[in-house]
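Q: Okay, so here is target36.txt, and as you'll see once you scroll down, it has compact mmCIF, N, CA, C and O atoms and all ligand atoms.
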# COMPACT_ATOMS: atom_id res chain seq x y z
N MET A 210 -17.50 -12.59 -11.30
CA MET A 210 -16.13 -12.12 -11.60
C MET A 210 -16.19 -10.67 -12.03
O MET A 210 -16.82 -10.34 -13.03
N GLY A 211 -15.57 -9.81 -11.27
CA GLY A 211 -15.60 -8.39 -11.59
C GLY A 211 -14.65 -8.04 -12.71
O GLY A 211 -13.68 -8.75 -12.98
N ARG A 212 -14.90 -6.94 -13.30
CA ARG A 212 -14.01 -6.44 -14.34
C ARG A 212 -12.74 -5.91 -13.68
O ARG A 212 -12.80 -5.23 -12.66
N LEU A 213 -11.59 -6.27 -14.24
CA LEU A 213 -10.34 -5.75 -13.68
C LEU A 213 -10.18 -4.28 -14.05
O LEU A 213 -10.46 -3.88 -15.16
N SER A 214 -9.76 -3.53 -13.07
CA SER A 214 -9.60 -2.09 -13.27
C SER A 214 -8.23 -1.79 -13.86
O SER A 214 -7.24 -2.43 -13.53
N ASP A 215 -8.16 -0.82 -14.73
CA ASP A 215 -6.90 -0.46 -15.37
C ASP A 215 -6.29 0.80 -14.80
O ASP A 215 -5.08 0.96 -14.77
N GLN A 216 -7.14 1.70 -14.35
CA GLN A 216 -6.61 2.98 -13.92
C GLN A 216 -6.32 2.96 -12.43
O GLN A 216 -7.16 2.55 -11.62
N HIS A 217 -5.11 3.38 -12.07
CA HIS A 217 -4.75 3.37 -10.66
C HIS A 217 -5.69 4.29 -9.88
O HIS A 217 -5.96 5.40 -10.31
N PRO A 218 -6.17 3.78 -8.74
CA PRO A 218 -7.16 4.56 -7.97
C PRO A 218 -6.60 5.89 -7.46
O PRO A 218 -7.37 6.81 -7.19
N PHE A 219 -5.27 6.01 -7.36
CA PHE A 219 -4.68 7.24 -6.85
C PHE A 219 -4.23 8.16 -7.97
O PHE A 219 -3.53 9.14 -7.74
N SER A 220 -4.58 7.83 -9.19
CA SER A 220 -4.19 8.71 -10.29
C SER A 220 -5.21 9.83 -10.44
O SER A 220 -6.34 9.73 -9.96
N GLY A 221 -4.80 10.87 -11.09
CA GLY A 221 -5.70 12.00 -11.30
C GLY A 221 -5.80 12.88 -10.07
O GLY A 221 -5.27 12.55 -9.01
N ARG A 222 -6.48 13.98 -10.21
CA ARG A 222 -6.55 14.96 -9.14
C ARG A 222 -7.28 14.40 -7.91
O ARG A 222 -6.82 14.50 -6.79
N ASN A 223 -8.43 13.77 -8.14
CA ASN A 223 -9.19 13.22 -7.02
C ASN A 223 -8.43 12.08 -6.36
O ASN A 223 -8.43 11.96 -5.13
N GLY A 224 -7.79 11.25 -7.18
CA GLY A 224 -7.06 10.12 -6.64
C GLY A 224 -5.89 10.56 -5.78
O GLY A 224 -5.66 10.01 -4.70
N SER A 225 -5.14 11.55 -6.24
CA SER A 225 -3.99 11.96 -5.46
C SER A 225 -4.41 12.70 -4.19
O SER A 225 -3.74 12.60 -3.16
N ALA A 226 -5.54 13.38 -4.24
CA ALA A 226 -6.05 14.01 -3.02
C ALA A 226 -6.45 12.94 -2.00
O ALA A 226 -6.16 13.06 -0.81
N ALA A 227 -7.08 11.89 -2.49
CA ALA A 227 -7.46 10.78 -1.61
C ALA A 227 -6.22 10.11 -1.04
O ALA A 227 -6.16 9.78 0.15
N ARG A 228 -5.23 9.90 -1.88
CA ARG A 228 -3.99 9.27 -1.41
C ARG A 228 -3.33 10.10 -0.31
O ARG A 228 -2.89 9.56 0.71
N ASP A 229 -3.27 11.41 -0.51
CA ASP A 229 -2.64 12.26 0.49
C ASP A 229 -3.39 12.20 1.82
O ASP A 229 -2.78 12.16 2.89
N ARG A 230 -4.71 12.20 1.72
CA ARG A 230 -5.52 12.14 2.93
C ARG A 230 -5.30 10.80 3.65
O ARG A 230 -5.09 10.75 4.86
N LEU A 231 -5.34 9.70 2.89
CA LEU A 231 -5.13 8.38 3.49
C LEU A 231 -3.72 8.24 4.05
O LEU A 231 -3.52 7.64 5.11
N ALA A 232 -2.74 8.79 3.34
CA ALA A 232 -1.36 8.70 3.80
C ALA A 232 -1.21 9.39 5.16
O ALA A 232 -0.50 8.90 6.04
N SER A 233 -1.88 10.51 5.34
CA SER A 233 -1.79 11.23 6.62
C SER A 233 -2.39 10.40 7.75
O SER A 233 -1.82 10.33 8.85
N VAL A 234 -3.51 9.75 7.49
CA VAL A 234 -4.14 8.92 8.52
C VAL A 234 -3.24 7.72 8.84
O VAL A 234 -3.01 7.40 10.01
N LEU A 235 -2.72 7.08 7.81
CA LEU A 235 -1.86 5.91 8.02
C LEU A 235 -0.58 6.31 8.76
O LEU A 235 -0.11 5.59 9.64
N TYR A 236 -0.05 7.44 8.38
CA TYR A 236 1.17 7.93 9.01
C TYR A 236 0.95 8.08 10.52
O TYR A 236 1.78 7.67 11.33
N ALA A 237 -0.18 8.65 10.90
CA ALA A 237 -0.50 8.81 12.32
C ALA A 237 -0.75 7.45 12.98
O ALA A 237 -0.24 7.18 14.07
N GLN A 238 -1.50 6.60 12.31
CA GLN A 238 -1.81 5.28 12.86
C GLN A 238 -0.55 4.46 13.11
O GLN A 238 -0.45 3.71 14.08
N GLN A 239 0.41 4.57 12.21
CA GLN A 239 1.61 3.75 12.30
C GLN A 239 2.73 4.46 13.04
O GLN A 239 3.87 3.99 13.05
N GLY A 240 2.42 5.57 13.66
CA GLY A 240 3.43 6.29 14.42
C GLY A 240 4.58 6.79 13.57
O GLY A 240 5.71 6.91 14.04
N GLY A 241 4.30 7.09 12.30
CA GLY A 241 5.33 7.63 11.43
C GLY A 241 6.35 6.61 10.96
O GLY A 241 7.42 6.99 10.48
N LYS A 242 5.99 5.32 11.11
CA LYS A 242 6.95 4.28 10.72
C LYS A 242 6.43 3.43 9.59
O LYS A 242 5.22 3.25 9.43
N CYS A 243 7.38 2.88 8.82
CA CYS A 243 7.03 1.95 7.75
C CYS A 243 6.33 0.75 8.34
O CYS A 243 6.76 0.19 9.35
N ARG A 244 5.27 0.31 7.69
CA ARG A 244 4.50 -0.82 8.19
C ARG A 244 5.29 -2.13 8.15
O ARG A 244 5.04 -3.05 8.91
N MET A 245 6.24 -2.20 7.25
CA MET A 245 6.98 -3.45 7.09
C MET A 245 8.28 -3.48 7.87
O MET A 245 8.59 -4.46 8.54
N CYS A 246 9.09 -2.44 7.79
CA CYS A 246 10.42 -2.48 8.44
C CYS A 246 10.48 -1.62 9.69
O CYS A 246 11.48 -1.66 10.41
N SER A 247 9.43 -0.86 9.97
CA SER A 247 9.35 -0.03 11.18
C SER A 247 10.38 1.09 11.22
O SER A 247 10.60 1.68 12.28
N ARG A 248 11.01 1.36 10.12
CA ARG A 248 11.91 2.53 10.10
C ARG A 248 11.06 3.79 9.99
O ARG A 248 10.01 3.80 9.35
N PRO A 249 11.55 4.87 10.62
CA PRO A 249 10.80 6.13 10.55
C PRO A 249 10.71 6.64 9.11
O PRO A 249 11.67 6.54 8.34
N ILE A 250 9.56 7.16 8.78
CA ILE A 250 9.34 7.77 7.47
C ILE A 250 9.32 9.28 7.67
O ILE A 250 8.52 9.78 8.46
N PRO A 251 10.21 10.00 6.99
CA PRO A 251 10.18 11.46 7.13
C PRO A 251 8.81 12.00 6.71
O PRO A 251 8.26 11.56 5.69
N PRO A 252 8.27 12.91 7.49
CA PRO A 252 6.94 13.45 7.17
C PRO A 252 6.85 13.97 5.74
O PRO A 252 5.81 13.85 5.10
N SER A 253 7.95 14.52 5.25
CA SER A 253 7.92 15.10 3.91
C SER A 253 7.77 14.03 2.83
O SER A 253 7.44 14.35 1.69
N LEU A 254 8.02 12.77 3.17
CA LEU A 254 7.96 11.71 2.16
C LEU A 254 6.71 10.87 2.25
O LEU A 254 6.52 9.94 1.48
N ARG A 255 5.84 11.17 3.19
CA ARG A 255 4.71 10.29 3.36
C ARG A 255 3.75 10.38 2.18
O ARG A 255 3.29 11.44 1.80
N GLY A 256 3.51 9.22 1.57
CA GLY A 256 2.48 9.13 0.55
C GLY A 256 2.70 9.95 -0.70
O GLY A 256 1.83 10.04 -1.54
N LYS A 257 3.89 10.53 -0.84
CA LYS A 257 4.14 11.29 -2.06
C LYS A 257 4.61 10.35 -3.15
O LYS A 257 5.02 9.23 -2.89
N THR A 258 4.58 10.82 -4.36
CA THR A 258 5.15 10.02 -5.44
C THR A 258 6.63 10.35 -5.56
O THR A 258 7.09 11.39 -5.11
N GLY A 259 7.38 9.46 -6.15
CA GLY A 259 8.80 9.68 -6.32
C GLY A 259 9.59 8.51 -5.79
O GLY A 259 9.06 7.67 -5.06
N LYS A 260 10.84 8.46 -6.13
CA LYS A 260 11.68 7.30 -5.83
C LYS A 260 11.83 7.02 -4.34
O LYS A 260 11.78 5.89 -3.91
N ARG A 261 12.04 8.05 -3.54
CA ARG A 261 12.33 7.82 -2.14
C ARG A 261 11.07 7.89 -1.27
O ARG A 261 11.12 7.62 -0.08
N ALA A 262 9.99 8.26 -1.88
CA ALA A 262 8.79 8.52 -1.09
C ALA A 262 8.19 7.25 -0.51
O ALA A 262 8.39 6.15 -1.03
N ALA A 263 7.47 7.40 0.59
CA ALA A 263 6.70 6.30 1.13
C ALA A 263 5.52 6.01 0.21
O ALA A 263 5.02 6.90 -0.48
N VAL A 264 5.11 4.77 0.20
CA VAL A 264 4.06 4.34 -0.71
C VAL A 264 2.83 3.91 0.08
O VAL A 264 2.95 3.20 1.08
N VAL A 265 1.68 4.36 -0.34
CA VAL A 265 0.44 3.83 0.21
C VAL A 265 0.15 2.53 -0.55
O VAL A 265 -0.26 2.55 -1.70
N ASP A 266 0.44 1.42 0.12
CA ASP A 266 0.32 0.12 -0.54
C ASP A 266 -1.04 -0.51 -0.26
O ASP A 266 -1.56 -0.42 0.85
N HIS A 267 -1.59 -1.14 -1.29
CA HIS A 267 -2.83 -1.90 -1.12
C HIS A 267 -2.47 -3.33 -0.72
O HIS A 267 -1.82 -4.04 -1.48
N LEU A 268 -2.87 -3.73 0.48
CA LEU A 268 -2.61 -5.11 0.91
C LEU A 268 -3.20 -6.07 -0.10
O LEU A 268 -2.55 -7.00 -0.57
N ARG A 269 -4.47 -5.86 -0.40
CA ARG A 269 -5.09 -6.60 -1.49
C ARG A 269 -5.02 -5.69 -2.71
O ARG A 269 -5.60 -4.60 -2.70
N PRO A 270 -4.29 -6.10 -3.74
CA PRO A 270 -4.01 -5.22 -4.87
C PRO A 270 -5.29 -4.62 -5.48
O PRO A 270 -6.30 -5.31 -5.61
N TRP A 271 -5.18 -3.36 -5.83
CA TRP A 271 -6.36 -2.65 -6.33
C TRP A 271 -6.89 -3.23 -7.62
O TRP A 271 -8.08 -3.12 -7.91
N ARG A 272 -6.03 -3.87 -8.39
CA ARG A 272 -6.55 -4.49 -9.63
C ARG A 272 -7.47 -5.66 -9.31
O ARG A 272 -8.41 -5.93 -10.05
N LEU A 273 -7.16 -6.36 -8.22
CA LEU A 273 -7.96 -7.52 -7.84
C LEU A 273 -9.17 -7.11 -7.01
O LEU A 273 -10.23 -7.73 -7.09
N ARG A 274 -8.98 -6.09 -6.17
CA ARG A 274 -10.08 -5.65 -5.29
C ARG A 274 -10.27 -4.14 -5.40
O ARG A 274 -9.98 -3.40 -4.45
N PRO A 275 -10.75 -3.68 -6.56
CA PRO A 275 -10.97 -2.24 -6.72
C PRO A 275 -11.97 -1.69 -5.70
O PRO A 275 -11.95 -0.51 -5.38
N ASP A 276 -12.81 -2.57 -5.16
CA ASP A 276 -13.79 -2.13 -4.16
C ASP A 276 -13.11 -1.73 -2.85
O ASP A 276 -13.70 -1.03 -2.04
N LEU A 277 -11.88 -2.19 -2.62
CA LEU A 277 -11.15 -1.87 -1.38
C LEU A 277 -10.06 -0.83 -1.60
O LEU A 277 -9.23 -0.62 -0.73
N ALA A 278 -10.08 -0.18 -2.76
CA ALA A 278 -8.98 0.71 -3.11
C ALA A 278 -8.81 1.86 -2.13
O ALA A 278 -7.71 2.36 -1.94
N PHE A 279 -9.91 2.29 -1.50
CA PHE A 279 -9.83 3.42 -0.58
C PHE A 279 -10.17 3.01 0.85
O PHE A 279 -10.47 3.86 1.69
N GLU A 280 -10.15 1.72 1.12
CA GLU A 280 -10.45 1.20 2.46
C GLU A 280 -9.20 1.27 3.33
O GLU A 280 -8.21 0.62 3.02
N LEU A 281 -9.29 1.98 4.42
CA LEU A 281 -8.13 2.14 5.29
C LEU A 281 -7.58 0.80 5.76
O LEU A 281 -6.37 0.61 5.84
N THR A 282 -8.47 -0.14 6.04
CA THR A 282 -8.02 -1.44 6.54
C THR A 282 -7.29 -2.25 5.48
O THR A 282 -6.66 -3.25 5.78
N ASN A 283 -7.39 -1.83 4.25
CA ASN A 283 -6.68 -2.54 3.18
C ASN A 283 -5.40 -1.81 2.76
O ASN A 283 -4.77 -2.17 1.78
N LEU A 284 -5.03 -0.78 3.52
CA LEU A 284 -3.89 0.04 3.12
C LEU A 284 -2.80 0.03 4.18
O LEU A 284 -3.07 -0.14 5.36
N GLY A 285 -1.58 0.21 3.72
CA GLY A 285 -0.46 0.35 4.63
C GLY A 285 0.53 1.33 4.04
O GLY A 285 0.71 1.38 2.82
N LEU A 286 1.16 2.11 4.92
CA LEU A 286 2.18 3.03 4.45
C LEU A 286 3.54 2.34 4.58
O LEU A 286 3.92 1.92 5.68
N VAL A 287 4.20 2.17 3.48
CA VAL A 287 5.51 1.49 3.50
C VAL A 287 6.55 2.37 2.83
O VAL A 287 6.24 3.17 1.94
N CYS A 288 7.81 2.21 3.27
CA CYS A 288 8.88 2.99 2.66
C CYS A 288 9.13 2.48 1.24
O CYS A 288 8.76 1.36 0.90
N ALA A 289 9.79 3.30 0.47
CA ALA A 289 10.03 2.94 -0.93
C ALA A 289 10.86 1.66 -1.02
O ALA A 289 10.63 0.83 -1.90
N GLY A 290 11.80 1.48 -0.09
CA GLY A 290 12.64 0.29 -0.10
C GLY A 290 11.83 -0.97 0.08
O GLY A 290 12.01 -1.95 -0.65
N CYS A 291 10.94 -0.97 1.08
CA CYS A 291 10.10 -2.15 1.31
C CYS A 291 9.15 -2.39 0.15
O CYS A 291 8.91 -3.53 -0.24
N HIS A 292 8.61 -1.32 -0.36
CA HIS A 292 7.69 -1.50 -1.49
C HIS A 292 8.41 -2.16 -2.66
O HIS A 292 7.92 -3.09 -3.26
N PHE A 293 9.61 -1.69 -2.89
CA PHE A 293 10.40 -2.23 -4.00
C PHE A 293 10.81 -3.67 -3.72
O PHE A 293 10.75 -4.54 -4.59
N THR A 294 11.24 -3.94 -2.47
CA THR A 294 11.77 -5.26 -2.14
C THR A 294 10.67 -6.31 -2.02
O THR A 294 10.80 -7.43 -2.51
N HIS A 295 9.59 -5.96 -1.31
CA HIS A 295 8.62 -6.98 -0.92
C HIS A 295 7.37 -7.03 -1.78
O HIS A 295 6.93 -8.11 -2.17
N CYS A 296 6.79 -5.88 -2.02
CA CYS A 296 5.43 -5.89 -2.56
C CYS A 296 5.34 -6.53 -3.93
O CYS A 296 4.48 -7.37 -4.18
N ALA A 297 6.27 -6.17 -4.79
CA ALA A 297 6.19 -6.70 -6.16
C ALA A 297 6.41 -8.22 -6.17
O ALA A 297 5.70 -8.95 -6.87
N SER A 298 7.36 -8.71 -5.36
CA SER A 298 7.64 -10.14 -5.37
C SER A 298 6.49 -10.93 -4.75
O SER A 298 6.16 -12.02 -5.21
N ILE A 299 5.90 -10.38 -3.69
CA ILE A 299 4.75 -11.06 -3.08
C ILE A 299 3.60 -11.13 -4.06
O ILE A 299 2.96 -12.18 -4.22
N GLU A 300 3.35 -10.03 -4.73
CA GLU A 300 2.23 -10.01 -5.67
C GLU A 300 2.48 -10.94 -6.84
O GLU A 300 1.56 -11.57 -7.37
N ALA A 301 3.76 -11.07 -7.22
CA ALA A 301 4.08 -11.99 -8.31
C ALA A 301 3.94 -13.44 -7.85
O ALA A 301 3.42 -14.29 -8.58
N ALA A 302 4.36 -13.71 -6.60
CA ALA A 302 4.32 -15.08 -6.09
C ALA A 302 2.89 -15.58 -5.93
O ALA A 302 2.63 -16.77 -6.06
N HIS A 303 1.99 -14.67 -5.58
CA HIS A 303 0.60 -15.07 -5.34
C HIS A 303 -0.32 -14.41 -6.35
O HIS A 303 -1.43 -13.98 -6.01
N ALA A 304 0.13 -14.34 -7.56
CA ALA A 304 -0.61 -13.60 -8.58
C ALA A 304 -2.07 -14.02 -8.62
O ALA A 304 -2.38 -15.20 -8.70
N GLY A 305 -2.93 -13.04 -8.54
CA GLY A 305 -4.35 -13.31 -8.71
C GLY A 305 -5.08 -13.65 -7.43
O GLY A 305 -6.30 -13.72 -7.44
N ASP A 306 -4.36 -13.89 -6.32
CA ASP A 306 -5.03 -14.25 -5.07
C ASP A 306 -4.87 -13.14 -4.04
O ASP A 306 -3.85 -13.05 -3.34
N ALA A 307 -5.87 -12.28 -3.96
CA ALA A 307 -5.78 -11.09 -3.11
C ALA A 307 -5.58 -11.44 -1.64
O ALA A 307 -4.84 -10.76 -0.93
N GLU A 308 -6.21 -12.51 -1.17
CA GLU A 308 -6.11 -12.86 0.25
C GLU A 308 -4.72 -13.37 0.61
O GLU A 308 -4.16 -13.01 1.65
N LEU A 309 -4.15 -14.21 -0.23
CA LEU A 309 -2.79 -14.70 0.02
C LEU A 309 -1.79 -13.56 -0.01
O LEU A 309 -0.85 -13.51 0.79
N ILE A 310 -1.97 -12.63 -0.91
CA ILE A 310 -1.08 -11.48 -1.00
C ILE A 310 -1.17 -10.66 0.29
O ILE A 310 -0.15 -10.29 0.87
N ALA A 311 -2.39 -10.41 0.75
CA ALA A 311 -2.56 -9.62 1.97
C ALA A 311 -1.93 -10.33 3.17
O ALA A 311 -1.27 -9.71 4.00
N GLN A 312 -2.11 -11.65 3.26
CA GLN A 312 -1.54 -12.40 4.38
C GLN A 312 -0.01 -12.34 4.36
O GLN A 312 0.63 -12.18 5.40
N ALA A 313 0.57 -12.49 3.19
CA ALA A 313 2.03 -12.46 3.08
C ALA A 313 2.57 -11.08 3.48
O ALA A 313 3.59 -10.98 4.16
N LYS A 314 1.88 -10.03 3.08
CA LYS A 314 2.33 -8.68 3.44
C LYS A 314 2.19 -8.44 4.93
O LYS A 314 3.05 -7.82 5.56
N GLU A 315 1.10 -8.94 5.52
CA GLU A 315 0.91 -8.73 6.95
C GLU A 315 1.96 -9.48 7.75
O GLU A 315 2.40 -9.00 8.80
N ARG A 316 2.40 -10.62 7.28
CA ARG A 316 3.44 -11.36 7.99
C ARG A 316 4.74 -10.57 8.05
O ARG A 316 5.45 -10.61 9.06
N ILE A 317 5.07 -9.87 6.99
CA ILE A 317 6.31 -9.09 6.98
C ILE A 317 6.27 -8.03 8.07
O ILE A 317 7.23 -7.84 8.81
N GLY A 318 5.14 -7.37 8.22
CA GLY A 318 5.03 -6.35 9.25
C GLY A 318 5.19 -6.91 10.65
O GLY A 318 5.66 -6.23 11.55
N GLN A 319 4.81 -8.18 10.85
CA GLN A 319 4.82 -8.77 12.19
C GLN A 319 6.16 -9.38 12.57
O GLN A 319 6.37 -9.73 13.71
N GLU A 320 7.04 -9.56 11.60
CA GLU A 320 8.30 -10.20 11.91
C GLU A 320 9.23 -9.31 12.71
O GLU A 320 10.19 -9.77 13.31
N TRP A 321 8.94 -8.02 12.70
CA TRP A 321 9.89 -7.09 13.30
C TRP A 321 9.51 -6.77 14.74
O TRP A 321 8.37 -6.84 15.11
ZN ZN B 401 10.18 -0.16 5.10
Could I get this file's structure written as structure tokens?
Ligand SMILES: [Zn+2]
A:
Amino acid sequence: MGRLSDQHPFSGRNGSAARDRLASVLYAQQGGKCRMCSRPIPPSLRGKTGKRAAVVDHLRPWRLRPDLAFELTNLGLVCAGCHFTHCASIEAAHAGDAELIAQAKERIGQEW
């Protein structure tokens, strides 16, 4: 059982640089669209912090899988609306189970 991490992996100077880099890759991979709702994400909002910004979401939450915090395959770029609507409720519904959380998030992306 690993120690749960407290500090967000994208916090601090190094973390935010990593987030920006990953957001750019995800943005290109996803064709500039939200992974969940497929709506276009304005380039200026990709991976930035703030209310309207797109969020680099961890499919498997970083608290549960800190080892995957910077793994591209564990990340998705989602709009702020989807992050607010889906991610928190999924993580609450499957609290503590990183695989169930990832599966539930991946299903949302495939419904569209
Ligand atoms: Zn969305």
Q: Using only C-alpha atoms, find the one residue out of A:Gly256, A:Gly241, A:Pro270, A:Gly221 that sits nearest to Gln312 in chain A.
A: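 Going through A:Gly256, A:Gly241, A:Pro270, A:Gly221 one by one, the smallest distance to Gln312 in chain A is for A:Pro270.
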Q: What does the list of residues within 7 Å of ligand ZN 401 (chain B) look like if you count only N, CA, C and O atoms and all ligand atoms, written as a list in words?
A: Lys242, Cys243, Arg244, Met245, Cys246, Ser247, Arg248, Leu286, Val287, Cys288, Ala289, Gly290, Cys291 and His292 of chain A
Q: Could you tell me how far atom O of Phe279 in chain A sits from atom N of Leu309 in chain A, in Å to one decimal place?
A: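 Interatomic distance, atom N of Leu309 in chain A to atom O of Phe279 in chain A: 19.2 Å.
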Q: Edge lengths and centre in Å to one decimal, as AutoDock Vina command-line options, of the axis-aligned box that encloses all listed atoms of range 245-263 of chain A with 3 Å added on every side?
A:
--center_x 7.1 --center_y 5.3 --center_z 3.0 --size_x 16.5 --size_y 25.6 --size_z 24.6
Q: Let me make sure I understand: among A:Phe293, A:Gly318, A:His303, A:Ala278, which one has the smallest atom-to-atom distance to Ala227 in chain A if we use only N, CA, C and O atoms?
A: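 Among the listed residues, the smallest separation from Ala227 in chain A belongs to A:Ala278.
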Q: From a DSSP pass on the backbone, collect the residues of range 219-293 of chain A flagged as helix (DSSP H, G or I) and hand them back as JSON, numbers by chain.
A: {"A": [221, 222, 223, 224, 225, 226, 227, 228, 229, 230, 231, 232, 233, 234, 235, 236, 237, 238, 252, 253, 254, 275, 276, 277, 281, 282, 283, 289, 290, 291, 292, 293]}
Q: Between atom C of Asp266 in chain A and CA of Cys296 in chain A, what is the spacing in Å?
A: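 Rounded to one decimal, the two atoms are 8.7 Å apart.
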Q: Using all atoms listed in the file, which of A:Ser253, A:Glu300, A:Tyr236, A:Ile310 sits nearest Arg269 in chain A?
A: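 Looking at the shortest contact to Arg269 in chain A, the residue is A:Ile310.
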Q: Can you work out which one of A:Asp215, A:Asp276, A:Asp229, A:Glu315 has the shortest atom-to-atom distance to Ile299 in chain A, counting only C-alpha atoms?
A: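 When distances to Ile299 in chain A are compared using only C-alpha atoms, the smallest one comes from A:Glu315.
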Q: As number ranges by chain, please: every residue in chain A that DSSP puts in strand (DSSP E).
A: A: 264-267, 284-287
